[in-house]
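Read the structure below first, then the notes.
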Amino acid sequence: MPLGLLDLFKYVLIALVWLFFLRVLRAVWVEVKSPAEHAMSATKAAAGGAVAKRRAGHLASSNAETATSRAADSAPSRRLSVKLSVGATGQVKSYEIGTSATIGRSSTCTISIAADEFASAVHARVFQNGDVYFVEDLGSTNGTLLNGARITSATQIRPGDRLLIGRSTAEVVG
């Protein structure tokens, strides 16, 4: 085999080892971040989206959204209930979701699933916007699945939907 080709393979192997190392560091960083940092980064992302909308010249629609959200704030909020089956234990619990709830292994989460070793410390967040509920993954290692499909951004949930968080299944009751 030519020496040039062997050198190329050597450099590709070194690059792959570095990529693997960086991926492991990212996974550790995500697990170490505190729940407050997760919530703050999610809030900043939502605020950044609103600022970008306004800069794009959507002031009229932004004002309409503000009026709609004020009307929704004055209306009684809809409640959401989640029936959670935790990991291998199969233990089922029901939780009432207010305007926002975090789900994860950490004891600081609104819904703590400490028994599920495949869930991240702060895995996902369920929140209400007006009369609609959304779920978003908070940078978890294994991701969050909604009805079998991995979610990459805040996604609307409805009664009957199933969330897979680690090995725990949450059914949205309504």
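Just remember, in the structure tokens the first chain shown is A, the second B, etc., residues are 1-based per chain, and ligands are 1-based in the order shown.
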Distance query A:Gly143 at most 9 Å, only C-alpha atoms, self and fewer than 2 positions along chain excluded, as a ChimeraX atom specification: /A:119-120,123-124,137-141,145,150-152,164-166
Atom CA of A:Ile97 to atom CA of A:Gln128, distance in Å rounded to a single decimal: 8.8 Å
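Interatomic distance, atom CA of A:Ala27 to atom CA of A:Asn142: 9.7 Å.
Between atom CA of A:Arg167 and atom CA of A:Asp116 the separation is 6.4 Å.
Nearest to A:Ile157 of all the residues A:Leu25, A:Ile111, A:Val135, A:Leu5 is A:Val135, based on only C-alpha atoms.
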